[in-house]
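Undergrad: Below is the file entry-v3.cif, which contains mmCIF, C-alpha atoms.
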```cif
data_model
#
loop_
_atom_site.label_atom_id
_atom_site.label_comp_id
_atom_site.auth_asym_id
_atom_site.auth_seq_id
_atom_site.Cartn_x
_atom_site.Cartn_y
_atom_site.Cartn_z
CA MET A 1 313.57 64.48 170.13
CA THR A 2 315.75 62.32 171.95
CA THR A 3 318.53 62.16 174.50
CA PRO A 4 321.34 64.73 174.76
CA SER A 5 323.90 62.27 173.42
CA GLU A 6 321.68 61.50 170.43
CA LYS A 7 321.29 65.19 169.78
CA GLY A 8 325.05 65.61 170.00
CA ALA A 9 325.57 62.85 167.44
CA LEU A 10 322.98 64.38 165.12
CA ILE A 11 324.73 67.74 165.29
CA GLU A 12 328.08 66.10 164.50
CA LEU A 13 326.54 64.36 161.50
CA LEU A 14 324.97 67.57 160.18
CA TYR A 15 328.30 69.40 160.46
CA GLN A 16 329.98 66.64 158.44
CA LEU A 17 327.35 66.77 155.72
CA ALA A 18 327.31 70.57 155.57
CA ASP A 19 331.06 71.11 155.73
CA ASP A 20 331.83 68.45 153.09
CA ASP A 21 329.55 70.16 150.55
CA PHE A 22 330.55 73.66 151.63
CA ILE A 23 334.30 73.29 151.31
CA LEU A 24 334.27 71.21 148.13
CA ALA A 25 331.90 73.74 146.53
CA TYR A 26 334.37 76.46 147.50
CA ARG A 27 337.28 74.61 145.91
CA GLY A 28 335.10 74.10 142.85
CA SER A 29 334.25 77.78 142.67
CA GLU A 30 337.98 78.58 142.43
CA TRP A 31 337.93 76.87 139.03
CA LEU A 32 335.58 79.48 137.58
CA GLY A 33 337.17 80.83 134.40
CA LEU A 34 339.89 78.17 134.52
CA ALA A 35 337.98 75.00 133.58
CA PRO A 36 339.02 73.21 130.36
CA HIS A 37 336.28 74.84 128.26
CA ILE A 38 333.43 77.28 128.62
CA GLU A 39 330.74 74.59 128.79
CA GLU A 40 332.56 73.12 131.75
CA ASP A 41 332.80 76.53 133.39
CA VAL A 42 329.01 76.79 133.17
CA ALA A 43 328.43 73.24 134.36
CA PHE A 44 330.95 73.25 137.20
CA SER A 45 329.77 76.59 138.59
CA SER A 46 326.18 75.38 138.44
CA ILE A 47 327.15 72.26 140.40
CA ASN A 48 329.03 74.34 142.96
CA GLN A 49 326.05 76.62 143.36
CA ASP A 50 323.82 73.58 144.01
CA MET A 51 326.32 72.22 146.53
CA MET A 52 326.44 75.53 148.40
CA GLY A 53 322.65 75.26 148.49
CA HIS A 54 322.92 71.78 149.99
CA ALA A 55 325.36 73.01 152.64
CA ASN A 56 322.91 75.82 153.40
CA LEU A 57 320.07 73.32 153.95
CA TYR A 58 322.17 71.47 156.53
CA TYR A 59 323.35 74.72 158.19
CA ARG A 60 319.71 75.73 158.55
CA LEU A 61 318.93 72.46 160.29
CA LEU A 62 321.84 73.21 162.65
CA GLU A 63 320.38 76.68 163.21
CA GLN A 64 317.06 75.07 164.18
CA LEU A 65 318.91 72.83 166.62
CA GLY A 66 320.31 75.89 168.40
CA GLU A 67 323.81 76.05 166.87
CA GLY A 68 323.51 79.75 165.94
CA LYS A 69 322.67 81.54 162.71
CA ALA A 70 323.40 79.62 159.51
CA ASP A 71 325.61 82.38 158.07
CA GLU A 72 327.63 82.57 161.26
CA ILE A 73 328.00 78.80 161.42
CA ALA A 74 329.37 78.86 157.87
CA HIS A 75 331.59 81.91 158.16
CA LEU A 76 332.72 82.50 161.72
CA ARG A 77 333.76 79.07 163.00
CA ALA A 78 337.42 78.28 163.70
CA PRO A 79 338.96 75.68 161.34
CA SER A 80 339.18 73.17 164.22
CA LYS A 81 335.36 73.26 164.45
CA PHE A 82 334.98 72.08 160.85
CA ARG A 83 334.07 68.44 160.29
CA ASN A 84 334.72 68.04 156.56
CA ALA A 85 337.09 65.34 155.31
CA VAL A 86 340.65 66.59 154.79
CA LEU A 87 340.66 65.58 151.11
CA LEU A 88 337.88 68.05 150.32
CA GLU A 89 339.76 71.09 151.66
CA GLU A 90 342.89 70.42 149.61
CA VAL A 91 343.97 73.13 147.17
CA ASN A 92 343.23 72.51 143.49
CA GLY A 93 346.92 72.55 142.63
CA PRO A 94 349.94 74.85 142.77
CA GLY A 95 349.41 78.60 142.57
CA THR A 96 346.36 80.60 143.61
CA TYR A 97 343.24 81.72 141.85
CA LEU A 98 344.70 85.16 141.22
CA GLU A 99 348.32 84.22 140.74
CA LYS A 100 349.59 81.51 138.36
CA PRO A 101 346.88 78.92 139.01
CA ASP A 102 348.30 75.62 137.84
CA TYR A 103 345.29 73.57 138.82
CA ASP A 104 344.99 69.85 138.23
CA TRP A 105 341.85 68.93 136.27
CA ALA A 106 342.42 65.20 136.73
CA PHE A 107 342.42 65.75 140.51
CA ALA A 108 339.21 67.81 140.24
CA VAL A 109 337.48 65.07 138.25
CA VAL A 110 338.60 62.20 140.48
CA ARG A 111 337.88 64.03 143.75
CA ASN A 112 334.44 65.17 142.61
CA TYR A 113 333.51 61.86 141.03
CA PHE A 114 334.47 59.75 144.05
CA TYR A 115 332.76 62.24 146.35
CA SER A 116 329.64 62.30 144.19
CA VAL A 117 329.34 58.51 144.27
CA HIS A 118 329.67 58.57 148.04
CA LYS A 119 327.23 61.46 148.37
CA GLN A 120 324.63 59.52 146.40
CA ILE A 121 325.05 56.47 148.66
CA ARG A 122 324.96 58.64 151.78
CA LEU A 123 321.77 60.45 150.63
CA ASP A 124 320.15 57.17 149.80
CA SER A 125 320.67 56.22 153.45
CA LEU A 126 319.72 59.65 154.85
CA ARG A 127 316.38 59.74 153.09
CA HIS A 128 315.29 57.00 155.51
CA SER A 129 316.75 58.84 158.52
CA ASP A 130 314.74 58.82 161.74
CA PHE A 131 315.35 62.56 161.96
CA GLU A 132 312.63 63.57 159.53
CA PRO A 133 313.93 67.08 158.63
CA LEU A 134 317.17 65.44 157.53
CA ALA A 135 315.30 62.82 155.49
CA GLU A 136 313.35 65.63 153.80
CA ALA A 137 316.52 67.56 152.99
CA ALA A 138 318.11 64.39 151.58
CA ARG A 139 315.16 63.74 149.26
CA LYS A 140 315.41 67.30 147.94
CA ILE A 141 319.17 67.17 147.47
CA MET A 142 318.98 63.83 145.63
CA THR A 143 316.98 65.36 142.78
CA GLU A 144 319.90 67.73 142.08
CA GLN A 145 322.75 65.39 142.94
CA TYR A 146 321.49 63.07 140.18
CA TYR A 147 322.83 65.49 137.56
CA HIS A 148 326.14 66.01 139.36
CA LEU A 149 326.92 62.32 139.51
CA MET A 150 326.06 61.90 135.85
CA HIS A 151 328.39 64.79 134.98
CA TRP A 152 331.42 63.55 136.92
CA GLU A 153 330.93 59.96 135.84
CA LEU A 154 331.05 61.05 132.21
CA TRP A 155 334.28 63.01 132.75
CA PHE A 156 335.86 60.17 134.71
CA LYS A 157 335.06 57.43 132.22
CA GLN A 158 336.05 59.55 129.24
CA LEU A 159 339.41 60.56 130.65
CA VAL A 160 340.50 57.15 132.00
CA THR A 161 339.83 55.62 128.58
CA SER A 162 341.37 58.47 126.58
CA THR A 163 344.97 59.27 125.49
CA ASP A 164 348.06 57.99 127.26
CA GLU A 165 348.63 61.39 128.81
CA ALA A 166 345.07 61.55 130.12
CA LYS A 167 345.37 58.05 131.53
CA SER A 168 348.64 58.76 133.30
CA ARG A 169 347.31 62.00 134.80
CA MET A 170 344.13 60.27 135.92
CA ASN A 171 346.09 57.41 137.47
CA ALA A 172 348.22 59.88 139.40
CA ALA A 173 345.07 61.66 140.60
CA ILE A 174 343.41 58.39 141.63
CA GLU A 175 346.50 57.48 143.66
CA LYS A 176 346.50 60.88 145.32
CA VAL A 177 342.77 60.79 146.17
CA TRP A 178 343.04 57.19 147.40
CA ARG A 179 345.48 58.24 150.15
CA ASP A 180 342.82 60.36 151.88
CA PHE A 181 339.41 59.21 150.67
CA GLY A 182 339.07 57.08 153.81
CA GLY A 183 338.42 60.39 155.58
CA VAL A 184 335.31 60.95 153.46
CA LEU A 185 334.04 57.45 154.21
CA THR A 186 334.21 57.73 158.00
CA LEU A 187 331.51 59.17 160.27
CA GLY A 188 333.96 60.00 163.05
CA PRO A 189 333.96 59.36 166.80
CA ALA A 190 330.18 59.73 167.29
CA TYR A 191 329.40 57.19 164.61
CA ALA A 192 327.99 54.43 166.83
CA GLU A 193 325.52 56.86 168.37
CA MET A 194 324.42 58.13 164.93
CA VAL A 195 323.76 54.61 163.76
CA LYS A 196 322.02 53.52 166.96
CA ALA A 197 319.61 56.46 166.69
CA ASN A 198 318.91 55.55 163.04
CA PHE A 199 320.12 58.88 161.70
CA ILE A 200 322.23 57.09 159.06
CA ASP A 201 323.39 53.56 158.15
CA ASP A 202 326.55 51.97 159.53
CA GLU A 203 329.67 53.57 158.03
CA ASN A 204 331.01 50.13 157.10
CA VAL A 205 327.88 49.39 155.08
CA LEU A 206 328.20 52.74 153.28
CA LYS A 207 331.90 52.13 152.67
CA GLN A 208 331.26 48.68 151.20
CA ARG A 209 328.61 50.12 148.87
CA TRP A 210 331.05 52.79 147.71
CA MET A 211 333.85 50.30 147.12
CA LYS A 212 331.57 47.95 145.22
CA ARG A 213 330.41 50.73 142.94
CA ILE A 214 333.91 52.11 142.32
CA GLU A 215 335.34 48.63 141.77
CA ALA A 216 332.70 47.99 139.09
CA VAL A 217 333.63 51.23 137.30
CA PHE A 218 337.34 50.36 137.58
CA ASN A 219 336.70 46.92 136.09
CA GLU A 220 334.64 48.41 133.29
CA THR A 221 337.36 50.92 132.38
CA GLY A 222 340.35 48.61 132.90
CA LEU A 223 341.76 50.30 136.02
CA PRO A 224 343.44 48.26 138.77
CA PHE A 225 341.47 48.37 142.03
CA SER A 226 343.71 48.77 145.05
CA GLY A 227 341.53 47.86 148.03
CA GLU A 228 340.37 50.15 150.79
CA PRO A 229 341.19 53.88 150.58
CA ARG A 230 343.37 55.29 153.36
CA MET A 231 343.23 58.30 155.70
CA GLU A 232 346.83 59.48 155.80
CA ARG A 233 346.57 63.14 156.72
CA GLY A 234 344.18 63.06 159.65
CA ASN A 235 340.51 62.70 160.45
CA GLY A 236 338.55 65.83 159.62
CA ARG A 237 335.57 64.41 161.53
CA LYS A 238 337.67 64.95 164.68
CA GLY A 239 338.58 68.51 163.70
CA GLU A 240 342.00 67.52 162.33
CA HIS A 241 342.80 69.67 159.31
CA THR A 242 345.58 71.01 157.11
CA PRO A 243 346.63 74.64 156.54
CA ASP A 244 344.65 74.44 153.27
CA LEU A 245 341.42 74.69 155.28
CA THR A 246 342.63 77.74 157.21
CA GLN A 247 343.50 79.44 153.92
CA ALA A 248 340.17 78.51 152.30
CA LEU A 249 338.11 79.79 155.23
CA ALA A 250 340.10 83.01 155.48
CA THR A 251 339.38 83.72 151.81
CA LEU A 252 335.75 82.73 151.65
CA SER A 253 334.82 84.48 154.90
CA GLU A 254 336.86 87.62 154.34
CA VAL A 255 333.96 89.79 153.23
CA TYR A 256 331.44 88.40 155.72
CA ALA A 257 333.84 88.75 158.64
CA THR A 258 334.43 92.47 157.95
CA ASN A 259 330.90 93.14 159.17
CA PRO A 260 328.71 90.20 160.15
CA GLN A 261 325.77 92.55 160.88
CA THR A 262 325.40 93.55 157.24
CA GLY A 263 323.09 91.68 154.90
CA TRP A 264 325.23 90.32 152.05
CA MET B 1 306.40 89.75 127.25
CA ALA B 2 304.78 86.67 128.70
CA THR B 3 305.51 85.89 132.32
CA VAL B 4 305.72 82.55 134.06
CA SER B 5 304.38 82.91 137.58
CA ILE B 6 305.31 80.91 140.65
CA LEU B 7 301.80 79.43 140.43
CA ASP B 8 302.48 78.32 136.84
CA LEU B 9 305.68 76.68 138.06
CA GLY B 10 303.86 74.86 140.84
CA MET B 11 306.02 76.45 143.53
CA VAL B 12 303.21 77.51 145.87
CA GLU B 13 302.30 74.68 148.21
CA THR B 14 299.86 76.20 150.75
CA VAL B 15 298.23 79.55 151.52
CA LYS B 16 296.70 79.85 154.97
CA ALA B 17 294.92 82.87 156.44
CA ASN B 18 294.59 83.47 160.15
CA GLY B 19 292.49 86.62 160.49
CA THR B 20 294.37 89.22 158.47
CA ALA B 21 297.70 87.36 158.61
CA VAL B 22 298.61 85.05 155.76
CA LYS B 23 301.19 82.30 155.69
CA ILE B 24 302.41 81.03 152.33
CA THR B 25 304.60 77.97 151.97
CA VAL B 26 306.70 77.77 148.83
CA LEU B 27 308.79 74.96 147.34
CA PRO B 28 312.16 76.11 145.94
CA THR B 29 312.94 74.66 142.52
CA PHE B 30 316.66 74.16 143.14
CA SER B 31 318.01 74.50 146.69
CA GLY B 32 320.87 76.81 145.75
CA CYS B 33 318.70 79.14 143.67
CA PRO B 34 319.97 82.68 144.28
CA ALA B 35 316.56 84.15 143.38
CA LEU B 36 314.90 82.77 146.51
CA ASN B 37 315.29 86.00 148.51
CA ILE B 38 313.79 88.02 145.67
CA ILE B 39 310.94 85.55 145.25
CA GLU B 40 310.24 85.71 148.98
CA ARG B 41 310.19 89.51 148.95
CA ASP B 42 307.93 89.69 145.88
CA ILE B 43 305.44 87.19 147.30
CA LYS B 44 305.26 89.09 150.58
CA GLN B 45 304.73 92.42 148.80
CA ALA B 46 302.11 91.00 146.46
CA ALA B 47 300.20 89.28 149.26
CA GLU B 48 300.21 92.38 151.45
CA LYS B 49 298.62 94.37 148.63
CA VAL B 50 295.56 92.12 148.79
CA GLU B 51 292.62 93.78 150.51
CA GLY B 52 292.15 92.51 154.05
CA VAL B 53 295.70 91.20 154.40
CA THR B 54 297.85 93.09 156.90
CA GLU B 55 300.78 90.74 157.15
CA ALA B 56 302.15 87.98 154.93
CA HIS B 57 304.79 85.47 155.92
CA VAL B 58 306.62 83.31 153.38
CA GLU B 59 308.29 80.04 154.29
CA PHE B 60 310.36 77.80 152.00
CA VAL B 61 309.74 74.11 152.63
CA PHE B 62 311.15 70.96 151.03
CA THR B 63 308.29 68.57 151.54
CA PRO B 64 307.02 67.61 149.11
CA PRO B 65 310.14 68.29 147.01
CA TRP B 66 309.41 70.49 143.99
CA THR B 67 309.25 68.36 140.86
CA THR B 68 308.71 69.45 137.28
CA ASP B 69 305.37 67.63 136.99
CA ARG B 70 304.01 70.47 139.15
CA ILE B 71 304.33 72.94 136.26
CA THR B 72 300.87 73.71 134.88
CA LEU B 73 299.83 73.30 131.25
CA GLU B 74 299.73 77.06 130.94
CA GLY B 75 303.16 77.30 132.54
CA ARG B 76 304.53 74.90 129.93
CA GLU B 77 303.16 77.02 127.08
CA ARG B 78 304.56 80.20 128.61
CA LEU B 79 308.01 78.71 129.07
CA LYS B 80 308.04 78.03 125.32
CA GLU B 81 307.28 81.71 124.66
CA PHE B 82 310.50 82.47 126.56
CA GLY B 83 312.43 80.07 124.33
CA ILE B 84 312.60 77.48 127.10
CA ALA B 85 311.47 73.94 126.32
CA PRO B 86 309.30 72.69 129.20
CA PRO B 87 310.32 69.46 130.93
CA PRO B 88 308.36 66.30 130.14
CA ALA B 89 305.24 66.11 132.31
CA ASN B 90 305.85 62.65 133.75
CA HIS B 91 309.55 62.07 133.56
CA VAL B 92 311.17 59.02 135.12
CA MET B 93 314.77 59.81 136.15
CA GLY B 94 317.26 57.77 134.16
CA GLU B 95 315.02 57.37 131.14
CA PRO B 96 315.71 59.27 127.92
CA TRP B 97 314.75 62.92 128.05
CA GLU B 98 312.94 63.93 124.86
CA ILE B 99 313.07 67.62 124.07
CA ASP B 100 311.31 69.49 121.28
CA CYS B 101 312.50 72.87 120.04
CA PRO B 102 310.31 75.56 121.69
CA TYR B 103 310.39 77.62 118.46
CA CYS B 104 309.64 75.13 115.68
CA GLY B 105 308.64 71.98 117.58
CA SER B 106 311.31 69.84 115.91
CA ALA B 107 312.78 66.90 117.81
CA TYR B 108 316.00 67.24 115.77
CA VAL B 109 317.93 68.93 118.57
CA THR B 110 321.33 68.48 120.21
CA MET B 111 322.27 68.89 123.85
CA GLU B 112 325.09 71.42 124.10
CA ASN B 113 325.31 71.49 127.89
CA ILE B 114 323.09 69.79 130.44
CA PHE B 115 323.96 72.68 132.77
CA GLY B 116 322.90 76.17 131.78
CA PRO B 117 322.76 79.80 132.89
CA THR B 118 320.73 78.83 135.94
CA ALA B 119 320.63 75.61 137.94
CA CYS B 120 317.25 74.61 136.50
CA ARG B 121 318.11 74.92 132.79
CA SER B 122 320.13 73.19 130.05
CA ILE B 123 321.46 74.59 126.75
CA LEU B 124 320.45 73.03 123.41
CA TYR B 125 320.58 73.71 119.70
CA CYS B 126 317.87 73.07 117.13
CA ARG B 127 319.22 71.54 113.92
CA SER B 128 315.97 72.27 112.10
CA CYS B 129 315.43 75.99 112.68
CA LYS B 130 319.08 76.64 113.68
CA ASN B 131 318.20 78.35 116.95
CA PRO B 132 319.97 77.88 120.23
CA PHE B 133 317.48 77.38 123.05
CA GLU B 134 317.19 76.29 126.65
CA ALA B 135 315.26 73.50 128.31
CA MET B 136 314.13 73.15 131.89
CA LYS B 137 315.73 70.09 133.45
CA PRO B 138 313.28 67.37 134.46
CA VAL B 139 313.25 66.89 138.21
CA ALA B 140 311.39 63.90 139.62
CA ASN B 141 311.50 62.05 142.89
CA LEU B 142 314.09 59.30 142.92
#
```
Take the structure I supplied and represent it as structure tokens, if you would.

TA:
Amino acid sequence: MTTPSEKGALIELLYQLADDDFILAYRGSEWLGLAPHIEEDVAFSSINQDMMGHANLYYRLLEQLGEGKADEIAHLRAPSKFRNAVLLEEVNGPGTYLEKPDYDWAFAVVRNYFYSVHKQIRLDSLRHSDFEPLAEAARKIMTEQYYHLMHWELWFKQLVTSTDEAKSRMNAAIEKVWRDFGGVLTLGPAYAEMVKANFIDDENVLKQRWMKRIEAVFNETGLPFSGEPRMERGNGRKGEHTPDLTQALATLSEVYATNPQTGW
Amino acid sequence: MATVSILDLGMVETVKANGTAVKITVLPTFSGCPALNIIERDIKQAAEKVEGVTEAHVEFVFTPPWTTDRITLEGRERLKEFGIAPPPANHVMGEPWEIDCPYCGSAYVTMENIFGPTACRSILYCRSCKNPFEAMKPVANL
């Protein structure tokens, strides 16, 4: 491998990939027992388990690049070191898992569906990455991601073509997700270096592919397409985050942080 | 009770001996599988019981990715004995997935949930013999 600046860009990219899956899987896991029906509880928790596995693959690549032990990378970093998009750290809705959870299923469906479409496009690019261990991981992850995308697409299409209440909730969720989905679509400050080293395709190419795919689904289901998604609450790729991330990390690392030497 | 071994599932990729040390590379079925640590431990213990082996090292690798066409014929039969329909041998992702009931062989089945109790399985119901059953999800390279 490669120059120090290329290595730096590769590490940034791996943190983005890992942290996106990690934090969205965590938010998904908070739905356990609260999903609309028991089949969905089984499906959603299975998807979250896969996604934690995907994050783990990327954390292990970071470990091999000298970033520390995978568990420590996942559990002991400060929120400002996380590179996930802000949208993916957002709470599921008012209340907490233990106290009066008033979670928004429309938001869960829209966030996961849009993310899943992007993840598919991103993996399709990564499997040709010049960093071969990343290309190998992408090929593995794609075989599982296939089922996730199918799942969320079914939910999305069913709900946006369902009752008036479902439609209005889904429209509100789409509007909400649109305000920050730009943060998922960016590769952050090191993006030019990532692309130059052939780690991943140009973020504009990936964004156009995502928009084309989503626009087609919107046309098919009669939804108005409102142009490019925005990034209103900061760029997670630069370490900009909301208090929701701090809360999420405090909860999910609570046990690990009590004694990092113990095998969990 | 029948068992389905990691060899039946096509998870073992290479076994290499260097003197009395053995290195075994294994392909995980699903990357988030929580059984991986147990599988690793069991392989190591089993290998170190073999005469002439003093040390076994297990490594999980992702190339080639594990796909369900790696499951042996015997593995397929044994999955059925567990009430798990084996995945089609040469599945193309995106094409219809035909599943026969592992108990009665009927194709008159319904998919209850494509996700199941573990990442690799789905939940179905047989309309012929009225048994719920599971099927292993087909996984093929995309």

Undergrad: Compute the set of chain B residues within 10 Å of chain A, using only C-alpha atoms, and express it as a tab-separated table (two decimals) with C-alpha atoms, in the coordinates of the input.

TA:
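File written: part_21.tsv
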```tsv
chain	number	residue	atom	x	y	z
B	28	PRO	CA	312.16	76.11	145.94
B	29	THR	CA	312.94	74.66	142.52
B	30	PHE	CA	316.66	74.16	143.14
B	31	SER	CA	318.01	74.50	146.69
B	32	GLY	CA	320.87	76.81	145.75
B	33	CYS	CA	318.70	79.14	143.67
B	34	PRO	CA	319.97	82.68	144.28
B	61	VAL	CA	309.74	74.11	152.63
B	62	PHE	CA	311.15	70.96	151.03
B	63	THR	CA	308.29	68.57	151.54
B	64	PRO	CA	307.02	67.61	149.11
B	65	PRO	CA	310.14	68.29	147.01
B	66	TRP	CA	309.41	70.49	143.99
B	67	THR	CA	309.25	68.36	140.86
B	93	MET	CA	314.77	59.81	136.15
B	94	GLY	CA	317.26	57.77	134.16
B	112	GLU	CA	325.09	71.42	124.10
B	113	ASN	CA	325.31	71.49	127.89
B	114	ILE	CA	323.09	69.79	130.44
B	115	PHE	CA	323.96	72.68	132.77
B	116	GLY	CA	322.90	76.17	131.78
B	117	PRO	CA	322.76	79.80	132.89
B	118	THR	CA	320.73	78.83	135.94
B	119	ALA	CA	320.63	75.61	137.94
B	120	CYS	CA	317.25	74.61	136.50
B	121	ARG	CA	318.11	74.92	132.79
B	122	SER	CA	320.13	73.19	130.05
B	123	ILE	CA	321.46	74.59	126.75
B	137	LYS	CA	315.73	70.09	133.45
B	138	PRO	CA	313.28	67.37	134.46
B	139	VAL	CA	313.25	66.89	138.21
B	140	ALA	CA	311.39	63.90	139.62
B	141	ASN	CA	311.50	62.05	142.89
B	142	LEU	CA	314.09	59.30	142.92
```

Undergrad: For the structure provided, state which residues fall under the PyMOL selection byres ((chain A and resi 214) around 12), and present them as an MDAnalysis selection string.

TA: chainID A and resid 110 113:118 121 153 156:157 174 178 207:213 215:229

Undergrad: Could those selected residues go to a file with C-alpha atoms, as a short mmCIF file (atom, residue, chain, number, x, y, z; two decimals), in the frame of the given file?

TA:
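Generated output (result_30.cif):
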```
data_model
loop_
_atom_site.label_atom_id
_atom_site.label_comp_id
_atom_site.auth_asym_id
_atom_site.auth_seq_id
_atom_site.Cartn_x
_atom_site.Cartn_y
_atom_site.Cartn_z
CA VAL A 110 338.60 62.20 140.48
CA TYR A 113 333.51 61.86 141.03
CA PHE A 114 334.47 59.75 144.05
CA TYR A 115 332.76 62.24 146.35
CA SER A 116 329.64 62.30 144.19
CA VAL A 117 329.34 58.51 144.27
CA HIS A 118 329.67 58.57 148.04
CA ILE A 121 325.05 56.47 148.66
CA GLU A 153 330.93 59.96 135.84
CA PHE A 156 335.86 60.17 134.71
CA LYS A 157 335.06 57.43 132.22
CA ILE A 174 343.41 58.39 141.63
CA TRP A 178 343.04 57.19 147.40
CA LYS A 207 331.90 52.13 152.67
CA GLN A 208 331.26 48.68 151.20
CA ARG A 209 328.61 50.12 148.87
CA TRP A 210 331.05 52.79 147.71
CA MET A 211 333.85 50.30 147.12
CA LYS A 212 331.57 47.95 145.22
CA ARG A 213 330.41 50.73 142.94
CA GLU A 215 335.34 48.63 141.77
CA ALA A 216 332.70 47.99 139.09
CA VAL A 217 333.63 51.23 137.30
CA PHE A 218 337.34 50.36 137.58
CA ASN A 219 336.70 46.92 136.09
CA GLU A 220 334.64 48.41 133.29
CA THR A 221 337.36 50.92 132.38
CA GLY A 222 340.35 48.61 132.90
CA LEU A 223 341.76 50.30 136.02
CA PRO A 224 343.44 48.26 138.77
CA PHE A 225 341.47 48.37 142.03
CA SER A 226 343.71 48.77 145.05
CA GLY A 227 341.53 47.86 148.03
CA GLU A 228 340.37 50.15 150.79
CA PRO A 229 341.19 53.88 150.58
#
```

Undergrad: Just so the selection is clear, what residues does the PyMOL selection byres ((chain A and resi 67) around 12) cover here, as a PyMOL selection string?

TA: chain A and resi 7-8+10-12+14-15+58-66+68-74+77

Undergrad: So the first atom is atom CA of B:Ala107 and the second is atom CA of B:Cys126; what is the distance between them in Å, to one decimal place?

TA: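 Between these atoms lies a distance of 8.0 Å.
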
Undergrad: Can you translate the PyMOL selection byres ((chain B and resi 56) around 6) into the concrete residues it hits in this file, as a PDB file with C-alpha atoms, in the frame of the given file?

TA:
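Final file, out.pdb:
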```pdb
ATOM      1  CA  ALA B  21     297.700  87.360 158.610  1.00  0.00           C
ATOM      2  CA  VAL B  22     298.610  85.050 155.760  1.00  0.00           C
ATOM      3  CA  LYS B  23     301.190  82.300 155.690  1.00  0.00           C
ATOM      4  CA  LYS B  44     305.260  89.090 150.580  1.00  0.00           C
ATOM      5  CA  GLU B  48     300.210  92.380 151.450  1.00  0.00           C
ATOM      6  CA  GLU B  55     300.780  90.740 157.150  1.00  0.00           C
ATOM      7  CA  HIS B  57     304.790  85.470 155.920  1.00  0.00           C
TER       8      HIS B  57
END
```

Undergrad: Taking all atoms listed in the file into account, which of A:Glu165, A:Asp21, A:Glu99, A:Glu203 comes nearest A:Lys119?

TA: A:Asp21

Undergrad: Would you kindly identify which residues have an atom no farther than 12 Å from (319.7, 53.0, 161.7), using all atoms listed in the file and the file's own coordinates, and write them out as a JSON list (two decimals) with C-alpha atoms, keeping the file's coordinate frame?

TA:
```
[["chain", "number", "residue", "atom", "x", "y", "z"],
["A", 125, "SER", "CA", 320.67, 56.22, 153.45],
["A", 126, "LEU", "CA", 319.72, 59.65, 154.85],
["A", 127, "ARG", "CA", 316.38, 59.74, 153.09],
["A", 128, "HIS", "CA", 315.29, 57.00, 155.51],
["A", 129, "SER", "CA", 316.75, 58.84, 158.52],
["A", 130, "ASP", "CA", 314.74, 58.82, 161.74],
["A", 131, "PHE", "CA", 315.35, 62.56, 161.96],
["A", 191, "TYR", "CA", 329.40, 57.19, 164.61],
["A", 192, "ALA", "CA", 327.99, 54.43, 166.83],
["A", 193, "GLU", "CA", 325.52, 56.86, 168.37],
["A", 194, "MET", "CA", 324.42, 58.13, 164.93],
["A", 195, "VAL", "CA", 323.76, 54.61, 163.76],
["A", 196, "LYS", "CA", 322.02, 53.52, 166.96],
["A", 197, "ALA", "CA", 319.61, 56.46, 166.69],
["A", 198, "ASN", "CA", 318.91, 55.55, 163.04],
["A", 199, "PHE", "CA", 320.12, 58.88, 161.70],
["A", 200, "ILE", "CA", 322.23, 57.09, 159.06],
["A", 201, "ASP", "CA", 323.39, 53.56, 158.15],
["A", 202, "ASP", "CA", 326.55, 51.97, 159.53],
["A", 203, "GLU", "CA", 329.67, 53.57, 158.03],
["A", 205, "VAL", "CA", 327.88, 49.39, 155.08],
["A", 206, "LEU", "CA", 328.20, 52.74, 153.28]]
```

Undergrad: Record the distance separating atom CA of A:Val86 and atom CA of A:Arg179, expressed in Å with one decimal.

TA: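 Straight-line distance from atom CA of A:Val86 to atom CA of A:Arg179 works out to 10.7 Å.
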
Undergrad: So which one's closest to B:Ile39, B:Val15, B:Ile6, B:Cys104, B:Ile71? Using only C-alpha atoms, please.

TA: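 Nearest to B:Ile39: B:Ile6.
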
Undergrad: Got a sec to check which residues sit within 12 Å of (297.6, 84.6, 153.5), counting all atoms listed in the file, and write them as a PyMOL selection string?

TA: chain B and resi 12+14-25+43-59

Undergrad: For B:Asp100, which residue among B:Ser5, B:Phe60, B:Glu134, B:Phe82 is the nearest when counting all atoms listed in the file?

TA: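 Selected residue with least distance to B:Asp100: B:Glu134.
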
Undergrad: Just the number, please: distance in Å from atom CA of A:Leu87 to atom CA of A:Ser168, one decimal.

TA: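 Value for the atom CA of A:Leu87-atom CA of A:Ser168 distance: 20.7 Å.
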